[in-house]
Structures are given as structure tokens and as C-alpha cells.
Amino acid sequence: MKKILKNKSIRIGRIISTIITVVCVLLCFFITLEVIRANNEDRPPRILSISVSYVPTPSMEPTIHAGEYVAYKKVNYDDIKEKDIIIYKSKINNIYIIHRVEEICDGYLITKGDNNSSVDIEHVTSDMVYGRYIMTLGFLSIFSGGISKNVVFTVLILIFLIMIIMQIVSIAIKNKADEIKKNTEEEKQLMLEKLKQEILAEELEKLKQQKENQNK
């Protein structure tokens, strides 16, 4: 009974490992496609509608410091409220800007950096908005100095690839260990069977001799 439960547990473990590996492969494939698509469409890559961007200036300090990375989510223009922090692409400078919404007007937004003394001269329309700020990603501060918008996603891809490789190696090691264990158990069974046969042969020989002595 214990052996059956153990074998069942091993099978379930293998199924779970396979599922995890498949999910990692699909996720890595999805991220790669999204990065390619984002480059073609000239927009930040998104994972589940969430993007990551680098903040090069101190215009949002002390809320967001220069050199930090932020996560932001794609949002409908009509859902934006005053005091929301949004990411938009400037038509004047052709760069991404993260500023706070100071006022919602008819057809456009007035924005301002928390560290700036005046509002932005450019009015933000719906086609310029890319998302709403969610949080600052402090753990990405190791990339300070500014890098391409796709580098963080490339790092994520590498992480997933490493996870997949580790998962495959783990499965291979586990399968090899199970195979060695199985072979060892089979060898033990063969040795026990051989020992039983030898003992049985000895006992039969003793019985034969005893019978011969009795007949004499």
C-alpha cells in the first residue's frame, strides 16, 4: 500500500513539474512576442497590461526619484481621475513623461510634475496616454543610469529561461535518481529471490539426505 501511494506521489510530482515547465515556456514565448510587437508598434511592452519604464528626471520627486523604475497599467482615458499619475508620450519631444494629472478638461488633461513649479505646457489627449502609475520597482534600482525600455523585459526573459533550464535539469536529475533507485530495488529483489532459491535448494537437499538416511 505504501509503495502504491509513493508511486502515485512520484507521478503527481512529475505531472506538476511538467506543467510548471510548459507554463514557463509559454510565458517566455509570450514575453518575446510582446517585445517584438511593442517594437513594431513603437510602444512599451506590456505583460497582462502592465509595463515597466525608467524615470530619468527628478520632475516627480519626492514621489518618484530620478533613476527609478516604475510599473504602470494600461488604462481607459475616461477612467483617469485628478491626482492620478499617468505616463504619456509627448508629441513635442517624442518622449515618455510620467506626471500627475492636475485638471481634467474637455478633451484633454493638464499635468504637472510634483517637483515642478508650473504645469506642463503640452495638453495631454487620449491618444497620448499609455497608462496609470501603479508602483515604484525599487528592486530594479541596480539598473540605474538608464537603459533601453526593453532591457527589463529581456532580463525577465532570461530569468524565465533560467527557470526553465533549472526545471528541466531538476526533472532529468529526478528521473535519473528514480531510475537508479528502481534499478537498485530490482537488484535487491533479484538478490533476495536468488537467496531464497539457494536456501530452498539447501533445505530440499537436507530433506533428501534425511529421507535417504531413513530408508537405510
# chains A, B, ... in the order shown; residues from 1 in each chain; ligands from 1
call {"tool": "closest_atom_pairs", "arguments": {"of": "segment 93-141 of chain A", "to": "segment 39-60 of chain A", "cutoff": "10 Å", "atoms": "only C-alpha atoms", "output": "tab-separated table"}}
result
residue	atom	partner	partner_atom	distance
A:Tyr96	CA	A:Ser53	CA	8.8
A:Ile97	CA	A:Val55	CA	8.2
A:Ile98	CA	A:Met60	CA	7.6
A:His99	CA	A:Met60	CA	6.6
A:Arg100	CA	A:Met60	CA	8.2
A:Lys112	CA	A:Ser59	CA	8.6
A:Gly113	CA	A:Met60	CA	4.9
A:Asp114	CA	A:Met60	CA	4.7
A:Asn115	CA	A:Ser59	CA	4.9
A:Asn116	CA	A:Ser59	CA	5.9
A:Ser117	CA	A:Ser59	CA	9.7
A:Tyr130	CA	A:Arg43	CA	8.4
A:Gly131	CA	A:Ser51	CA	8.3
A:Arg132	CA	A:Ile50	CA	9.5
A:Tyr133	CA	A:Ser51	CA	9.6
A:Ile134	CA	A:Ile50	CA	9.0
A:Met135	CA	A:Val52	CA	9.9
A:Thr136	CA	A:Val52	CA	9.4
A:Leu137	CA	A:Val52	CA	8.6
A:Leu140	CA	A:Tyr54	CA	9.5
A:Ser141	CA	A:Tyr54	CA	9.7
call {"tool": "write_last_selection", "arguments": {"atoms": "N, CA and C atoms", "output": "PDB file, in the first residue's frame"}}
result
ATOM      1  N   TYR A  96       8.578  59.664 -23.409  1.00  0.00           N
ATOM      2  CA  TYR A  96       7.579  59.288 -22.417  1.00  0.00           C
ATOM      3  C   TYR A  96       7.770  60.134 -21.161  1.00  0.00           C
ATOM      4  N   ILE A  97       6.664  60.645 -20.638  1.00  0.00           N
ATOM      5  CA  ILE A  97       6.694  61.502 -19.450  1.00  0.00           C
ATOM      6  C   ILE A  97       5.738  60.932 -18.411  1.00  0.00           C
ATOM      7  N   ILE A  98       6.197  60.918 -17.165  1.00  0.00           N
ATOM      8  CA  ILE A  98       5.336  60.471 -16.070  1.00  0.00           C
ATOM      9  C   ILE A  98       5.069  61.672 -15.156  1.00  0.00           C
ATOM     10  N   HIS A  99       3.836  62.173 -15.176  1.00  0.00           N
ATOM     11  CA  HIS A  99       3.440  63.346 -14.397  1.00  0.00           C
ATOM     12  C   HIS A  99       2.053  63.136 -13.798  1.00  0.00           C
ATOM     13  N   ARG A 100       1.712  63.996 -12.873  1.00  0.00           N
ATOM     14  CA  ARG A 100       0.425  63.888 -12.178  1.00  0.00           C
ATOM     15  C   ARG A 100      -0.640  64.735 -12.893  1.00  0.00           C
ATOM     16  N   LYS A 112       1.338  67.890 -14.410  1.00  0.00           N
ATOM     17  CA  LYS A 112       2.431  68.626 -13.758  1.00  0.00           C
ATOM     18  C   LYS A 112       3.290  67.650 -12.971  1.00  0.00           C
ATOM     19  N   GLY A 113       4.575  67.864 -12.992  1.00  0.00           N
ATOM     20  CA  GLY A 113       5.473  67.076 -12.158  1.00  0.00           C
ATOM     21  C   GLY A 113       5.418  67.577 -10.725  1.00  0.00           C
ATOM     22  N   ASP A 114       5.438  66.662  -9.754  1.00  0.00           N
ATOM     23  CA  ASP A 114       5.351  67.066  -8.343  1.00  0.00           C
ATOM     24  C   ASP A 114       6.473  68.023  -7.956  1.00  0.00           C
ATOM     25  N   ASN A 115       7.600  67.917  -8.638  1.00  0.00           N
ATOM     26  CA  ASN A 115       8.763  68.738  -8.306  1.00  0.00           C
ATOM     27  C   ASN A 115       8.858  69.991  -9.175  1.00  0.00           C
ATOM     28  N   ASN A 116       7.896  70.164 -10.078  1.00  0.00           N
ATOM     29  CA  ASN A 116       7.908  71.339 -10.962  1.00  0.00           C
ATOM     30  C   ASN A 116       7.041  72.461 -10.383  1.00  0.00           C
ATOM     31  N   SER A 117       7.409  73.682 -10.702  1.00  0.00           N
ATOM     32  CA  SER A 117       6.676  74.838 -10.170  1.00  0.00           C
ATOM     33  C   SER A 117       5.454  75.203 -11.009  1.00  0.00           C
ATOM     34  N   TYR A 130      -0.525  56.338 -22.087  1.00  0.00           N
ATOM     35  CA  TYR A 130      -0.100  54.938 -22.171  1.00  0.00           C
ATOM     36  C   TYR A 130      -0.465  54.132 -20.930  1.00  0.00           C
ATOM     37  N   GLY A 131      -0.692  54.803 -19.805  1.00  0.00           N
ATOM     38  CA  GLY A 131      -1.045  54.044 -18.620  1.00  0.00           C
ATOM     39  C   GLY A 131      -1.068  54.884 -17.356  1.00  0.00           C
ATOM     40  N   ARG A 132      -1.454  54.234 -16.257  1.00  0.00           N
ATOM     41  CA  ARG A 132      -1.520  54.894 -14.949  1.00  0.00           C
ATOM     42  C   ARG A 132      -0.517  54.223 -14.006  1.00  0.00           C
ATOM     43  N   TYR A 133       0.199  55.042 -13.284  1.00  0.00           N
ATOM     44  CA  TYR A 133       1.238  54.575 -12.351  1.00  0.00           C
ATOM     45  C   TYR A 133       0.664  53.626 -11.304  1.00  0.00           C
ATOM     46  N   ILE A 134       1.382  52.535 -11.058  1.00  0.00           N
ATOM     47  CA  ILE A 134       0.981  51.577 -10.023  1.00  0.00           C
ATOM     48  C   ILE A 134       1.919  51.646  -8.825  1.00  0.00           C
ATOM     49  N   MET A 135       3.212  51.466  -9.107  1.00  0.00           N
ATOM     50  CA  MET A 135       4.181  51.432  -8.014  1.00  0.00           C
ATOM     51  C   MET A 135       5.593  51.621  -8.545  1.00  0.00           C
ATOM     52  N   THR A 136       6.497  51.960  -7.616  1.00  0.00           N
ATOM     53  CA  THR A 136       7.917  52.064  -7.945  1.00  0.00           C
ATOM     54  C   THR A 136       8.576  50.714  -7.691  1.00  0.00           C
ATOM     55  N   LEU A 137       9.399  50.275  -8.631  1.00  0.00           N
ATOM     56  CA  LEU A 137      10.075  48.975  -8.526  1.00  0.00           C
ATOM     57  C   LEU A 137      11.486  49.186  -8.002  1.00  0.00           C
ATOM     58  N   LEU A 140      14.683  47.099  -9.000  1.00  0.00           N
ATOM     59  CA  LEU A 140      15.334  47.300 -10.294  1.00  0.00           C
ATOM     60  C   LEU A 140      16.321  48.469 -10.272  1.00  0.00           C
ATOM     61  N   SER A 141      16.586  48.993  -9.088  1.00  0.00           N
ATOM     62  CA  SER A 141      17.500  50.129  -8.975  1.00  0.00           C
ATOM     63  C   SER A 141      18.925  49.762  -9.391  1.00  0.00           C
TER      64      SER A 141
END
call {"tool": "residues_around", "arguments": {"residues": "Thr111 of chain A", "least_positions_apart": "6", "cutoff": "8 Å", "atoms": "only C-alpha atoms", "output": "PyMOL selection string"}}
result
chain A and resi 99-103+119-120+123-124
call {"tool": "write_last_selection", "arguments": {"atoms": "C-alpha atoms", "output": "PDB file, in the first residue's frame"}}
result
ATOM      1  CA  HIS A  99       3.440  63.346 -14.397  1.00  0.00           C
ATOM      2  CA  ARG A 100       0.425  63.888 -12.178  1.00  0.00           C
ATOM      3  CA  VAL A 101      -2.989  64.931 -13.524  1.00  0.00           C
ATOM      4  CA  GLU A 102      -3.780  68.381 -12.135  1.00  0.00           C
ATOM      5  CA  GLU A 103      -7.006  69.022 -14.010  1.00  0.00           C
ATOM      6  CA  VAL A 119       2.011  72.814 -15.149  1.00  0.00           C
ATOM      7  CA  ASP A 120       3.131  71.252 -18.422  1.00  0.00           C
ATOM      8  CA  HIS A 123      -2.094  69.302 -23.129  1.00  0.00           C
ATOM      9  CA  VAL A 124      -2.430  65.515 -22.888  1.00  0.00           C
TER      10      VAL A 124
END
call {"tool": "atom_distance", "arguments": {"atom1": "atom CA of Asp127 of chain A", "atom2": "atom CA of Ile87 of chain A"}}
result
11.6 Å
call {"tool": "atom_distance", "arguments": {"atom1": "atom CA of Gly67 of chain A", "atom2": "atom CA of Gly138 of chain A"}}
result
10.0 Å
call {"tool": "atom_distance", "arguments": {"atom1": "atom CA of Glu185 of chain A", "atom2": "atom CA of Glu203 of chain A"}}
result
26.5 Å
